[in-house]
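As stored in start_2.txt (compact mmCIF, C-alpha atoms and all ligand atoms):
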```txt
# COMPACT_ATOMS: atom_id res chain seq x y z
CA MET A 1 -34.08 -25.60 -31.25
CA LYS A 2 -34.36 -21.86 -31.62
CA ASN A 3 -30.60 -21.59 -30.95
CA GLU A 4 -29.88 -23.96 -33.85
CA GLU A 5 -32.32 -22.27 -36.20
CA LEU A 6 -30.85 -18.82 -35.55
CA LYS A 7 -27.26 -20.01 -35.97
CA ASN A 8 -28.07 -21.35 -39.42
CA ARG A 9 -30.09 -18.35 -40.53
CA ASP A 10 -27.31 -16.06 -39.30
CA LEU A 11 -24.54 -17.85 -41.18
CA ASP A 12 -26.55 -17.69 -44.38
CA VAL A 13 -26.64 -13.90 -44.38
CA LEU A 14 -24.15 -12.38 -41.90
CA TRP A 15 -20.43 -11.64 -41.95
CA HIS A 16 -19.30 -10.96 -38.37
CA PRO A 17 -16.71 -8.39 -37.27
CA CYS A 18 -13.14 -9.33 -36.39
CA THR A 19 -13.90 -12.99 -37.13
CA GLN A 20 -12.50 -15.73 -39.34
CA MET A 21 -15.93 -16.97 -40.36
CA LYS A 22 -14.64 -20.52 -41.01
CA ASP A 23 -14.06 -20.82 -37.26
CA HIS A 24 -17.81 -21.07 -36.94
CA GLU A 25 -17.69 -24.50 -38.57
CA LYS A 26 -16.29 -25.68 -35.23
CA LEU A 27 -17.19 -22.94 -32.77
CA PRO A 28 -20.93 -22.34 -32.90
CA LEU A 29 -22.34 -18.84 -32.74
CA THR A 30 -24.23 -17.97 -29.59
CA PRO A 31 -27.63 -16.42 -30.32
CA ILE A 32 -28.66 -14.20 -27.42
CA LYS A 33 -32.30 -13.90 -26.48
CA LYS A 34 -32.05 -11.39 -23.68
CA GLY A 35 -29.78 -9.58 -21.27
CA TYR A 36 -30.14 -8.54 -17.64
CA GLY A 37 -27.50 -7.30 -15.23
CA VAL A 38 -24.14 -8.91 -16.01
CA TYR A 39 -25.93 -11.77 -17.77
CA LEU A 40 -26.65 -12.66 -21.37
CA GLU A 41 -29.05 -15.54 -21.97
CA ASP A 42 -29.51 -17.72 -25.04
CA PHE A 43 -32.70 -19.34 -26.33
CA GLU A 44 -32.16 -22.50 -24.31
CA GLY A 45 -31.88 -20.67 -21.02
CA ASN A 46 -28.06 -20.84 -20.80
CA LYS A 47 -26.67 -17.79 -18.98
CA PHE A 48 -23.28 -16.17 -19.57
CA ILE A 49 -21.57 -13.57 -17.39
CA ASP A 50 -20.51 -10.79 -19.76
CA ALA A 51 -16.94 -10.48 -18.42
CA ILE A 52 -15.90 -8.16 -21.26
CA SER A 53 -18.87 -5.78 -21.08
CA SER A 54 -19.73 -6.65 -24.70
CA TRP A 55 -16.56 -5.24 -26.24
CA TRP A 56 -15.99 -2.82 -23.35
CA VAL A 57 -19.14 -0.77 -23.75
CA ASN A 58 -21.56 -1.97 -21.11
CA LEU A 59 -21.01 -0.22 -17.78
CA PHE A 60 -24.14 -0.81 -15.75
CA GLY A 61 -25.44 -4.13 -16.98
CA HIS A 62 -27.73 -5.20 -19.79
CA VAL A 63 -31.23 -3.72 -19.91
CA ASN A 64 -30.42 -1.39 -17.06
CA PRO A 65 -33.83 -0.25 -15.80
CA TYR A 66 -32.80 3.39 -15.33
CA ILE A 67 -31.05 3.85 -18.69
CA SER A 68 -33.89 2.00 -20.45
CA SER A 69 -36.49 4.27 -18.86
CA LYS A 70 -34.61 7.42 -19.94
CA VAL A 71 -34.20 6.17 -23.52
CA LYS A 72 -37.91 5.27 -23.62
CA GLU A 73 -38.82 8.76 -22.42
CA GLN A 74 -36.69 10.26 -25.16
CA LEU A 75 -38.15 7.88 -27.73
CA ASP A 76 -41.58 9.45 -27.28
CA THR A 77 -40.23 13.00 -27.54
CA LEU A 78 -37.58 13.20 -30.25
CA GLU A 79 -35.59 10.33 -31.76
CA HIS A 80 -33.17 12.32 -33.90
CA VAL A 81 -32.66 15.66 -35.55
CA ILE A 82 -29.95 16.95 -37.87
CA ILE A 83 -27.29 18.63 -35.72
CA ALA A 84 -26.20 21.16 -38.34
CA GLY A 85 -28.30 24.26 -37.79
CA PHE A 86 -30.46 22.49 -35.18
CA THR A 87 -29.91 21.35 -31.65
CA GLN A 88 -31.74 19.52 -28.89
CA GLU A 89 -31.80 19.47 -25.13
CA PRO A 90 -30.12 16.07 -24.50
CA ILE A 91 -27.01 17.01 -26.50
CA ILE A 92 -26.69 20.40 -24.80
CA ARG A 93 -27.07 18.88 -21.35
CA LEU A 94 -24.58 16.11 -22.15
CA SER A 95 -22.03 18.59 -23.49
CA GLU A 96 -22.34 20.84 -20.44
CA ARG A 97 -21.76 17.85 -18.20
CA LEU A 98 -18.82 16.49 -20.19
CA VAL A 99 -17.13 19.89 -20.19
CA LYS A 100 -17.51 19.99 -16.39
CA LEU A 101 -16.40 16.42 -15.76
CA THR A 102 -13.41 16.12 -18.08
CA PRO A 103 -9.94 17.60 -17.36
CA LYS A 104 -9.68 21.39 -17.57
CA ASN A 105 -9.36 23.33 -20.83
CA LEU A 106 -11.70 20.98 -22.66
CA ASP A 107 -14.50 23.37 -23.51
CA LYS A 108 -16.18 22.28 -26.74
CA CYS A 109 -17.74 18.97 -27.82
CA PHE A 110 -17.80 17.66 -31.39
CA TYR A 111 -19.85 14.48 -31.85
CA ALA A 112 -19.59 11.39 -34.06
CA ASP A 113 -21.03 7.91 -33.64
CA ASN A 114 -18.20 5.44 -33.00
CA GLY A 115 -14.67 5.42 -31.62
CA SER A 116 -12.85 5.20 -34.96
CA SER A 117 -14.79 8.12 -36.42
CA ALA A 118 -14.00 10.21 -33.37
CA VAL A 119 -10.31 9.39 -33.79
CA GLU A 120 -10.58 10.58 -37.39
CA VAL A 121 -12.19 13.80 -36.15
CA ALA A 122 -9.36 14.42 -33.68
CA LEU A 123 -6.65 13.77 -36.30
CA LYS A 124 -8.30 16.03 -38.87
CA MET A 125 -8.96 18.77 -36.33
CA SER A 126 -5.37 18.71 -35.15
CA PHE A 127 -3.98 18.96 -38.68
CA HIS A 128 -6.51 21.64 -39.59
CA ALA A 129 -5.85 23.72 -36.45
CA HIS A 130 -2.15 23.91 -37.37
CA LYS A 131 -3.08 24.69 -40.96
CA ASN A 132 -5.30 27.57 -39.84
CA ASP A 133 -2.22 28.83 -38.00
CA GLY A 134 -0.32 28.76 -41.30
CA LYS A 135 1.65 25.58 -40.51
CA SER A 136 1.80 22.41 -42.52
CA LYS A 137 2.13 19.52 -40.08
CA SER A 138 0.95 16.28 -41.61
CA ILE A 139 2.55 13.56 -39.53
CA PHE A 140 0.93 11.87 -36.56
CA VAL A 141 2.89 10.05 -33.91
CA SER A 142 1.44 7.18 -31.94
CA LEU A 143 2.78 4.64 -29.50
CA LYS A 144 4.13 1.26 -30.50
CA ASN A 145 1.53 -1.44 -29.84
CA SER A 146 -1.31 1.10 -29.94
CA TYR A 147 -4.87 0.60 -31.22
CA HIS A 148 -7.20 3.39 -32.28
CA GLY A 149 -9.78 1.71 -34.50
CA GLU A 150 -10.22 0.29 -37.96
CA THR A 151 -11.00 3.14 -40.35
CA ILE A 152 -8.07 4.14 -42.55
CA GLY A 153 -6.86 7.09 -40.45
CA ALA A 154 -7.40 5.30 -37.15
CA LEU A 155 -5.67 2.18 -38.46
CA SER A 156 -2.76 4.30 -39.66
CA VAL A 157 -2.02 5.50 -36.13
CA GLY A 158 -2.50 2.00 -34.73
CA ASP A 159 0.38 -0.43 -34.43
CA VAL A 160 -1.08 -3.89 -33.83
CA GLU A 161 0.22 -5.95 -36.76
CA LEU A 162 -2.74 -8.29 -36.77
CA TYR A 163 -5.10 -5.53 -37.85
CA LYS A 164 -2.72 -3.26 -39.72
CA ASP A 165 -0.28 -5.23 -41.87
CA THR A 166 -2.67 -6.24 -44.66
CA TYR A 167 -3.72 -2.65 -45.30
CA GLU A 168 -0.26 -1.05 -45.08
CA PRO A 169 -0.28 0.20 -48.72
CA LEU A 170 -3.47 2.14 -48.03
CA LEU A 171 -2.42 3.90 -44.86
CA LEU A 172 -1.26 7.40 -43.91
CA LYS A 173 2.39 7.87 -43.13
CA THR A 174 2.75 7.89 -39.35
CA LEU A 175 5.55 7.46 -36.82
CA GLN A 176 5.56 5.21 -33.79
CA THR A 177 7.45 5.98 -30.61
CA PRO A 178 8.07 3.44 -27.83
CA VAL A 179 5.44 2.83 -25.18
CA PRO A 180 6.86 2.50 -21.64
CA LYS A 181 7.81 -1.15 -21.35
CA ASP A 182 6.13 -1.68 -17.98
CA MET A 183 4.29 0.17 -15.20
CA SER A 184 7.44 1.66 -13.60
CA LYS A 185 8.36 5.34 -13.52
CA ASP A 186 11.76 4.52 -15.02
CA ALA A 187 10.13 2.97 -18.07
CA ALA A 188 7.96 6.08 -18.42
CA LYS A 189 11.06 8.30 -18.41
CA VAL A 190 12.91 6.16 -20.95
CA ALA A 191 9.97 6.16 -23.39
CA ALA A 192 9.39 9.90 -22.96
CA LYS A 193 13.05 10.54 -23.78
CA GLU A 194 12.59 8.68 -27.08
CA PHE A 195 9.55 10.79 -27.92
CA GLU A 196 11.50 13.93 -27.13
CA ILE A 197 14.32 12.92 -29.48
CA LEU A 198 11.77 12.35 -32.25
CA CYS A 199 10.23 15.77 -31.60
CA LYS A 200 13.63 17.47 -31.59
CA ASN A 201 14.26 16.12 -35.07
CA ARG A 202 10.83 16.41 -36.66
CA ALA A 203 8.66 18.85 -34.67
CA ASP A 204 8.01 20.93 -37.79
CA GLU A 205 6.19 18.01 -39.41
CA ILE A 206 4.43 16.51 -36.39
CA SER A 207 0.83 17.54 -35.84
CA ALA A 208 -0.01 15.45 -32.77
CA ILE A 209 0.73 12.43 -30.69
CA ILE A 210 -2.24 10.14 -30.11
CA LEU A 211 -2.17 7.64 -27.27
CA GLU A 212 -4.36 5.47 -25.07
CA PRO A 213 -3.74 6.77 -21.54
CA LEU A 214 -2.45 4.09 -19.11
CA VAL A 215 -3.81 0.98 -20.83
CA GLN A 216 -3.41 -0.11 -24.44
CA GLY A 217 -6.61 -2.09 -24.89
CA ALA A 218 -6.38 -4.14 -28.07
CA GLY A 219 -2.57 -3.96 -27.68
CA TYR A 220 -2.82 -6.90 -25.27
CA MET A 221 -3.84 -4.73 -22.31
CA HIS A 222 -0.34 -3.34 -21.93
CA MET A 223 -0.15 -0.90 -19.00
CA TYR A 224 2.15 1.99 -18.10
CA HIS A 225 2.70 4.65 -15.44
CA PRO A 226 0.86 8.03 -15.49
CA LEU A 227 4.21 9.84 -15.30
CA PHE A 228 4.51 9.16 -19.03
CA LEU A 229 1.42 11.32 -19.67
CA ILE A 230 2.90 14.19 -17.67
CA LEU A 231 6.17 14.01 -19.61
CA VAL A 232 4.41 13.75 -22.98
CA ARG A 233 2.35 16.84 -22.09
CA GLU A 234 5.54 18.81 -21.35
CA ILE A 235 7.18 17.70 -24.57
CA CYS A 236 4.07 18.56 -26.62
CA ASN A 237 4.05 22.05 -25.07
CA ASN A 238 7.72 22.57 -25.88
CA TYR A 239 7.40 21.51 -29.52
CA ASP A 240 3.95 22.85 -30.53
CA ILE A 241 2.54 19.35 -30.91
CA HIS A 242 -1.03 18.43 -29.94
CA PHE A 243 -1.77 15.76 -27.39
CA ILE A 244 -4.71 13.52 -28.38
CA ALA A 245 -5.89 11.28 -25.54
CA ASP A 246 -7.91 8.37 -26.89
CA GLU A 247 -10.05 7.35 -23.92
CA VAL A 248 -12.45 5.32 -26.04
CA MET A 249 -11.63 2.24 -23.97
CA VAL A 250 -10.27 3.67 -20.70
CA GLY A 251 -12.81 6.47 -20.23
CA PHE A 252 -15.84 6.42 -17.93
CA GLY A 253 -14.31 4.83 -14.86
CA ARG A 254 -12.45 1.88 -16.34
CA THR A 255 -9.07 2.77 -14.87
CA GLY A 256 -10.34 3.74 -11.41
CA LYS A 257 -11.00 7.42 -12.14
CA LEU A 258 -13.71 8.84 -14.35
CA PHE A 259 -11.09 9.65 -17.00
CA ALA A 260 -7.64 8.07 -17.19
CA MET A 261 -5.95 11.45 -17.73
CA GLU A 262 -6.95 12.34 -14.15
CA HIS A 263 -4.29 9.91 -12.89
CA ALA A 264 -1.69 12.31 -14.29
CA ASP A 265 -3.64 15.49 -13.68
CA VAL A 266 -2.87 16.87 -17.12
CA SER A 267 -5.20 17.89 -19.93
CA PRO A 268 -4.87 16.77 -23.53
CA ASP A 269 -5.66 19.10 -26.44
CA PHE A 270 -8.20 16.57 -27.69
CA LEU A 271 -10.03 13.98 -25.63
CA VAL A 272 -11.71 11.16 -27.57
CA LEU A 273 -14.60 9.32 -25.89
CA SER A 274 -17.01 6.58 -26.96
CA LYS A 275 -17.85 3.00 -25.88
CA GLY A 276 -19.06 3.40 -22.26
CA ILE A 277 -20.47 6.86 -22.91
CA THR A 278 -23.99 5.49 -23.45
CA GLY A 279 -23.61 2.64 -20.96
CA GLY A 280 -23.44 0.32 -23.94
CA TYR A 281 -26.87 1.25 -25.29
CA LEU A 282 -26.36 3.21 -28.49
CA PRO A 283 -23.48 4.31 -30.73
CA LEU A 284 -22.06 7.69 -29.80
CA SER A 285 -18.65 9.32 -29.64
CA VAL A 286 -17.32 12.76 -28.93
CA VAL A 287 -14.10 14.75 -29.23
CA LEU A 288 -13.57 17.47 -26.66
CA THR A 289 -11.15 20.27 -27.29
CA SER A 290 -10.18 23.69 -25.96
CA ASN A 291 -11.61 27.11 -26.70
CA ASP A 292 -8.15 27.98 -28.08
CA ILE A 293 -8.35 25.29 -30.76
CA TYR A 294 -12.00 26.17 -31.46
CA ALA A 295 -11.03 29.81 -31.97
CA LYS A 296 -8.65 28.86 -34.78
CA PHE A 297 -11.66 27.76 -36.86
CA TYR A 298 -13.91 30.69 -35.92
CA CYS A 299 -14.00 33.42 -38.54
CA ASP A 300 -16.10 34.97 -41.29
CA TYR A 301 -17.09 32.27 -43.77
CA ASN A 302 -14.12 30.76 -45.52
CA GLU A 303 -14.61 27.17 -46.65
CA HIS A 304 -11.00 26.31 -45.90
CA LYS A 305 -11.11 27.39 -42.28
CA ALA A 306 -14.33 25.79 -41.02
CA PHE A 307 -14.30 22.19 -39.85
CA LEU A 308 -16.60 20.74 -42.51
CA HIS A 309 -16.77 17.24 -41.07
CA SER A 310 -20.07 15.47 -40.40
CA HIS A 311 -21.78 12.12 -39.85
CA SER A 312 -25.51 11.61 -40.42
CA TYR A 313 -26.17 10.32 -36.92
CA THR A 314 -23.97 12.84 -35.16
CA GLY A 315 -25.31 13.58 -31.69
CA ASN A 316 -28.34 11.30 -32.00
CA ALA A 317 -30.90 12.31 -29.36
CA LEU A 318 -31.57 8.76 -28.13
CA ALA A 319 -27.85 8.13 -27.72
CA CYS A 320 -27.44 11.43 -25.86
CA SER A 321 -30.30 10.52 -23.53
CA ALA A 322 -28.59 7.17 -22.79
CA ALA A 323 -25.34 9.07 -22.13
CA ASN A 324 -27.07 11.47 -19.76
CA ALA A 325 -28.64 8.53 -17.92
CA THR A 326 -25.20 6.90 -17.68
CA LEU A 327 -23.75 10.08 -16.15
CA ASP A 328 -26.71 10.24 -13.73
CA ILE A 329 -25.76 6.80 -12.45
CA PHE A 330 -22.12 7.86 -11.96
CA GLU A 331 -23.32 10.93 -10.09
CA ASN A 332 -26.06 9.39 -7.97
CA GLU A 333 -24.45 6.11 -7.03
CA ASN A 334 -20.81 6.94 -6.17
CA ILE A 335 -19.65 4.53 -8.83
CA ILE A 336 -15.98 5.50 -8.73
CA GLU A 337 -15.77 4.76 -4.98
CA LYS A 338 -17.77 1.55 -5.32
CA ASN A 339 -15.51 0.40 -8.15
CA GLU A 340 -12.51 0.71 -5.82
CA GLU A 341 -14.00 -2.07 -3.68
CA ILE A 342 -14.77 -4.24 -6.70
CA ALA A 343 -11.28 -3.68 -8.07
CA LYS A 344 -9.74 -4.69 -4.71
CA TYR A 345 -11.69 -7.90 -4.75
CA MET A 346 -10.62 -8.68 -8.32
CA TYR A 347 -7.02 -7.93 -7.33
CA LYS A 348 -7.23 -10.44 -4.49
CA LYS A 349 -8.64 -13.11 -6.78
CA LEU A 350 -6.08 -12.34 -9.47
CA GLN A 351 -3.19 -13.42 -7.21
CA LYS A 352 -4.22 -17.07 -7.43
CA PHE A 353 -3.45 -17.16 -11.16
CA THR A 354 0.27 -16.85 -10.43
CA ASN A 355 0.18 -20.44 -9.10
CA LEU A 356 -0.30 -21.70 -12.64
CA LYS A 357 2.82 -22.67 -14.60
CA ASN A 358 1.44 -21.25 -17.84
CA VAL A 359 0.85 -17.79 -16.32
CA ALA A 360 3.66 -15.32 -17.05
CA SER A 361 2.28 -12.36 -15.12
CA ILE A 362 -0.79 -10.58 -13.82
CA ARG A 363 -1.59 -6.86 -13.83
CA GLN A 364 -4.46 -4.57 -13.06
CA GLN A 365 -5.54 -0.99 -13.52
CA GLY A 366 -8.84 -0.23 -11.80
CA MET A 367 -11.60 -2.28 -13.40
CA ILE A 368 -9.28 -4.02 -15.87
CA ALA A 369 -7.61 -7.19 -14.59
CA VAL A 370 -5.21 -9.14 -16.78
CA VAL A 371 -3.59 -12.59 -16.83
CA GLU A 372 -0.81 -13.02 -19.37
CA LEU A 373 0.05 -16.58 -20.38
CA GLN A 374 3.38 -17.99 -21.52
CA GLY A 375 4.66 -20.92 -23.53
CA TYR A 376 2.24 -20.81 -26.44
CA ASP A 377 2.55 -19.62 -30.00
CA ALA A 378 -0.14 -17.83 -32.00
CA LYS A 379 -0.93 -20.95 -34.08
CA GLN A 380 -2.13 -22.80 -30.99
CA ARG A 381 -4.96 -20.27 -30.66
CA ILE A 382 -5.24 -20.79 -26.93
CA GLY A 383 -7.38 -17.67 -26.65
CA LEU A 384 -10.08 -19.46 -28.62
CA LYS A 385 -9.76 -22.55 -26.41
CA ILE A 386 -10.17 -20.46 -23.25
CA HIS A 387 -13.10 -18.63 -24.81
CA LYS A 388 -14.82 -21.93 -25.61
CA TYR A 389 -14.15 -23.47 -22.21
CA CYS A 390 -15.55 -20.42 -20.44
CA LEU A 391 -18.57 -20.19 -22.72
CA ASP A 392 -19.40 -23.84 -22.04
CA ASN A 393 -19.28 -22.93 -18.37
CA GLY A 394 -21.32 -19.74 -18.38
CA VAL A 395 -18.74 -16.97 -18.82
CA LEU A 396 -18.04 -14.75 -21.82
CA ILE A 397 -14.27 -14.18 -21.97
CA ARG A 398 -12.54 -13.12 -25.18
CA PRO A 399 -8.74 -13.28 -24.74
CA LEU A 400 -6.42 -11.23 -26.93
CA SER A 401 -4.27 -14.15 -28.06
CA HIS A 402 -2.35 -15.23 -24.91
CA VAL A 403 -3.67 -12.33 -22.81
CA VAL A 404 -6.79 -13.04 -20.81
CA TYR A 405 -8.58 -10.07 -19.30
CA PHE A 406 -11.58 -9.24 -17.15
CA MET A 407 -13.47 -6.06 -17.85
CA PRO A 408 -16.89 -6.63 -16.34
CA PRO A 409 -19.82 -4.23 -15.97
CA TYR A 410 -19.50 -2.16 -12.77
CA ILE A 411 -22.56 -3.80 -11.21
CA ILE A 412 -20.85 -7.18 -10.86
CA THR A 413 -21.19 -8.78 -7.41
CA ALA A 414 -18.55 -10.69 -5.43
CA SER A 415 -20.15 -14.05 -6.21
CA GLU A 416 -20.31 -13.20 -9.91
CA ILE A 417 -16.62 -12.24 -9.79
CA ASP A 418 -15.95 -15.63 -8.17
CA LYS A 419 -17.75 -17.41 -10.98
CA MET A 420 -16.04 -15.29 -13.67
CA MET A 421 -12.51 -15.69 -12.33
CA ASP A 422 -12.75 -19.26 -11.02
CA THR A 423 -14.10 -20.49 -14.34
CA THR A 424 -11.30 -18.71 -16.20
CA TYR A 425 -8.76 -20.18 -13.78
CA GLU A 426 -10.08 -23.66 -14.58
CA ALA A 427 -9.91 -22.87 -18.30
CA ILE A 428 -6.25 -21.86 -18.07
CA ASN A 429 -5.49 -24.82 -15.82
CA SER A 430 -7.12 -27.17 -18.33
CA LEU A 431 -4.48 -26.17 -20.89
CA LEU A 432 -1.67 -27.65 -18.76
C1 LIG B 501 -8.61 2.91 -27.68
C2 LIG B 501 -9.60 2.70 -28.79
N1 LIG B 501 -9.76 3.67 -29.70
C3 LIG B 501 -10.65 3.55 -30.70
C4 LIG B 501 -11.39 2.40 -30.85
C5 LIG B 501 -12.35 2.27 -31.98
O1 LIG B 501 -13.67 2.35 -31.54
P1 LIG B 501 -14.85 1.73 -32.44
O2 LIG B 501 -14.69 0.26 -32.33
O3 LIG B 501 -16.09 2.24 -31.77
O4 LIG B 501 -14.67 2.25 -33.80
C6 LIG B 501 -11.24 1.37 -29.92
C7 LIG B 501 -12.03 0.13 -30.07
O5 LIG B 501 -11.79 -0.87 -29.45
C8 LIG B 501 -10.32 1.52 -28.87
O6 LIG B 501 -10.12 0.56 -27.96
```
Could you rewrite the structure in this file as C-alpha cells?
Ligand SMILES: Cc1ncc(COP(=O)(O)O)c(C=O)c1O
Amino acid sequence: MKNEELKNRDLDVLWHPCTQMKDHEKLPLTPIKKGYGVYLEDFEGNKFIDAISSWWVNLFGHVNPYISSKVKEQLDTLEHVIIAGFTQEPIIRLSERLVKLTPKNLDKCFYADNGSSAVEVALKMSFHAHKNDGKSKSIFVSLKNSYHGETIGALSVGDVELYKDTYEPLLLKTLQTPVPKDMSKDAAKVAAKEFEILCKNRADEISAIILEPLVQGAGYMHMYHPLFLILVREICNNYDIHFIADEVMVGFGRTGKLFAMEHADVSPDFLVLSKGITGGYLPLSVVLTSNDIYAKFYCDYNEHKAFLHSHSYTGNALACSAANATLDIFENENIIEKNEEIAKYMYKKLQKFTNLKNVASIRQQGMIAVVELQGYDAKQRIGLKIHKYCLDNGVLIRPLSHVVYFMPPYIITASEIDKMMDTTYEAINSLL
C-alpha cells in the first residue's frame, strides 16, 4: 500500500530528471524504502540489484557501513563552511590524496558539486588561462557522440542529439572531431589524424579539446583504444591546445585502473571528476590542473585575472568526508585488483549474449560491460521494455536505447552477477 501511496503523492508534486513523465501512466515509479549492498528495496519488500550503480555513482554499495560511519563522524564536527577565505581538514586531506593519486602534473584542486558544473569550470579555466597569456581562444573541440552534462556549456560540448538538438539556438559554438570508430589502434590513428587537421587549420581559435577517456558513457557506451589519448596529447602539445579529460563517469576504477588516463600514461591539463568520488553518497566534483595553469591566474589583485567562479556548496565538508572514506576503501581493500576478477567473470558471462539473434555485439572495459542490440528502431523503445522486464524480476537496468550495459557497484558477488546478467539475457531473449 505504501508503494501505491508514495507513487501518487510523488506524481502530484515531482518532475523527474531525463524522463517523459507521461511514461509513468504505464510504467509505475518505484519508491525505494532502503538500500544495502548492491540492493535497493521497495516498501513491499521487493529487492532490486542496482546494476547501474544509481546513475554510475555508487561504488561500494548502498549504506556502506564504513562510508556511513565517516559521514556520521563528520556530521557531528562540521557540516559545511564557506570555502572562500576558509578551509577545513577533510577538503585539504582529499586534495592532497587526489594530487597524489591522479596522473602527474595535476597539482591543484578546484571544487564544485556536480559533473556538469565541473565541466563548466574546466572550460572557463581553459579559456581564461589562454586569455591571461594574452590569447583569445574561444572555441572548444569535443568528440562526436560525446556527453559532458546538461548545463549550457556542458551541453554545448556534448554531441548526443537526444539531449542537445532542442537547445541548439542557446548553445556555445563548438567543433566536433571524430571519435575512433572502434577499439582498434588503427581507428585511434585515423581519428587523431582528423583532429590534427582541425588543429592545423584553427589552432589559433581552439582553447581545448574535452573528451571522455576510453568510454563515452551516455554516448551509448562507445569504447576506443588508449592510443588515441596519447596522440591527442601530442597534438595538443604541438598546437598550444589544452587537454580536458572528463572522467566524471570513467574515474574511480570504472575502466580497470583508478583513472582512465592511466591506460595511456599521459596527463591532461584538466582532469574532471565527480560521480563515484563520494561513493555515491553526496554531490561533489573537482577539477584538477597543473601548477603552470594555476600560475597564470596568480598575481596582485586584478579582477580580470583571478578565477572568480564559485558555487555555494563548493567543497562541502560532509561530501569531502565521504570522498575520503571512499579513497580509504580503495587503499585498504585492493579494489583495483579485486575488480579485475569481477571484470573477468562479467566478461565470461557476457559471451553468452552473442548467441542471441538480436545482439549485434558485446564489449567491455573494466567494470563496464555492454550488449548492443540490432534490428530495432528508436520508436520501439526496447530499452524501456528491457528495463521493465528486469525490474519485474529484481534487477535495475537502464539501457541507452538499444545499448544495454552493466555497471554494478564493485562489491557485487558472483551470484549477484549471475542474477543481474541472466535476468537481462532473459529480457533480451523475450524480445525475439
Ligand atoms: C562524462 C560525463 N561528464 C559529465 C556528466 C555530468 O555530470 P552530472 O550529471 O553530475 O552533472 C556526466 C553525467 O552523466 C558524464 O557522464
Hey, which residues sit close to ligand LIG 501 (chain B)? Say within 7 Å, counting only C-alpha atoms and all ligand atoms, and write them as a PDB file with C-alpha atoms, in the coordinates of the input.
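Once everything was written out, this is selection.pdb:
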```pdb
ATOM      1  CA  ASN A 114     -18.200   5.440 -33.000  1.00  0.00           C
ATOM      2  CA  GLY A 115     -14.670   5.420 -31.620  1.00  0.00           C
ATOM      3  CA  SER A 116     -12.850   5.200 -34.960  1.00  0.00           C
ATOM      4  CA  SER A 117     -14.790   8.120 -36.420  1.00  0.00           C
ATOM      5  CA  VAL A 119     -10.310   9.390 -33.790  1.00  0.00           C
ATOM      6  CA  TYR A 147      -4.870   0.600 -31.220  1.00  0.00           C
ATOM      7  CA  HIS A 148      -7.200   3.390 -32.280  1.00  0.00           C
ATOM      8  CA  GLY A 149      -9.780   1.710 -34.500  1.00  0.00           C
ATOM      9  CA  GLU A 150     -10.220   0.290 -37.960  1.00  0.00           C
ATOM     10  CA  GLU A 212      -4.360   5.470 -25.070  1.00  0.00           C
ATOM     11  CA  GLN A 216      -3.410  -0.110 -24.440  1.00  0.00           C
ATOM     12  CA  GLY A 217      -6.610  -2.090 -24.890  1.00  0.00           C
ATOM     13  CA  ALA A 218      -6.380  -4.140 -28.070  1.00  0.00           C
ATOM     14  CA  ASP A 246      -7.910   8.370 -26.890  1.00  0.00           C
ATOM     15  CA  GLU A 247     -10.050   7.350 -23.920  1.00  0.00           C
ATOM     16  CA  VAL A 248     -12.450   5.320 -26.040  1.00  0.00           C
ATOM     17  CA  MET A 249     -11.630   2.240 -23.970  1.00  0.00           C
ATOM     18  CA  SER A 274     -17.010   6.580 -26.960  1.00  0.00           C
ATOM     19  CA  LYS A 275     -17.850   3.000 -25.880  1.00  0.00           C
TER      20      LYS A 275
END
```
(request) Skip A:Ile412 itself and residues of its chain fewer than 2 positions away, then list as a list in words all residues within 9 Å of it, counting only C-alpha atoms. (result)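 The neighbour list is Gly37, Val38, Phe60, Gly61, Ile342, Pro408, Pro409, Tyr410, Ala414, Ser415, Glu416 and Ile417 of chain A.
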(request) Work out how far atom CA of A:Leu40 is from atom CA of A:Phe330, in Å to one decimal. (result)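 Distance reported for this atom pair: 23.0 Å.
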(message) So that I can check the surroundings of A:Asp133, please list as a list in words every protein, DNA and RNA residue that reaches within 10 Å of it, counting only C-alpha atoms and ignoring chain neighbours fewer than 3 positions away.
(response)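 Near A:Asp133, the qualifying residues are His128, Ala129, His130, Ser136, Lys296, Phe297 and Lys305 of chain A.
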(request) Dig up all the protein and nucleic acid residues within 12 Å of (0.7, -20.1, -25.2) in the file frame, using all atoms listed in the file, and format them as a PyMOL selection string. (result) chain A and resi 357-360+372-386+399-404+428+431-432
(message) Rounded to one decimal, what separation in Å do you get between atom CA of A:Asp328 and atom CA of A:Leu288?
(response)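 Between atom CA of A:Asp328 and atom CA of A:Leu288 the gap works out to 19.8 Å.
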(message) I want to know what sits within 6 Å of A:Asp113, based on only C-alpha atoms, with residues of the same chain fewer than 5 positions away left out; could you give that as a PyMOL selection string?
(response) chain A and resi 283-285+314
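With atom CA of A:Ser321 on one side and atom CA of A:Ala112 on the other, the separation reads 15.0 Å.
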(message) So that I can see what lies close to A:Thr326, please list as a PyMOL selection string the residues with an atom at most 12 Å from it, counting only C-alpha atoms and leaving out residues fewer than 6 positions away in the same chain.
(response) chain A and resi 57-61+64-71+94+97-98+252-253+275-282+319-320+332-333+335+410
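For the residues A:Ile197, A:Val160, A:Leu143, A:Val13, ranking by smallest atom-to-atom distance to A:Thr177 using all atoms listed in the file places A:Leu143 first.
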(message) Set the distance at 9 Å and use all atoms listed in the file: which residues neighbour stretch 228-232 of chain A once local chain neighbours fewer than 4 positions away are removed? I'd like the list as JSON, numbers by chain.
(response) {"A": [179, 180, 185, 187, 188, 189, 191, 192, 193, 195, 196, 209, 213, 214, 224, 236, 237, 243, 261, 263, 264, 265, 266]}
Expected file content for stretch 176-187 of chain A, C-alpha atoms, as a PDB file, in the first residue's frame:
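Just written: out_39.pdb:
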```
ATOM      1  CA  GLN A 176      33.271  18.102 -33.043  1.00  0.00           C
ATOM      2  CA  THR A 177      36.022  15.827 -34.265  1.00  0.00           C
ATOM      3  CA  PRO A 178      35.555  12.100 -34.945  1.00  0.00           C
ATOM      4  CA  VAL A 179      35.821   9.595 -32.112  1.00  0.00           C
ATOM      5  CA  PRO A 180      37.752   6.415 -33.042  1.00  0.00           C
ATOM      6  CA  LYS A 181      35.147   4.169 -34.607  1.00  0.00           C
ATOM      7  CA  ASP A 182      36.087   1.089 -32.582  1.00  0.00           C
ATOM      8  CA  MET A 183      38.613  -0.194 -30.042  1.00  0.00           C
ATOM      9  CA  SER A 184      41.426  -0.792 -32.581  1.00  0.00           C
ATOM     10  CA  LYS A 185      44.693   1.125 -32.768  1.00  0.00           C
ATOM     11  CA  ASP A 186      44.043   1.875 -36.441  1.00  0.00           C
ATOM     12  CA  ALA A 187      40.785   3.617 -35.598  1.00  0.00           C
TER      13      ALA A 187
END
```
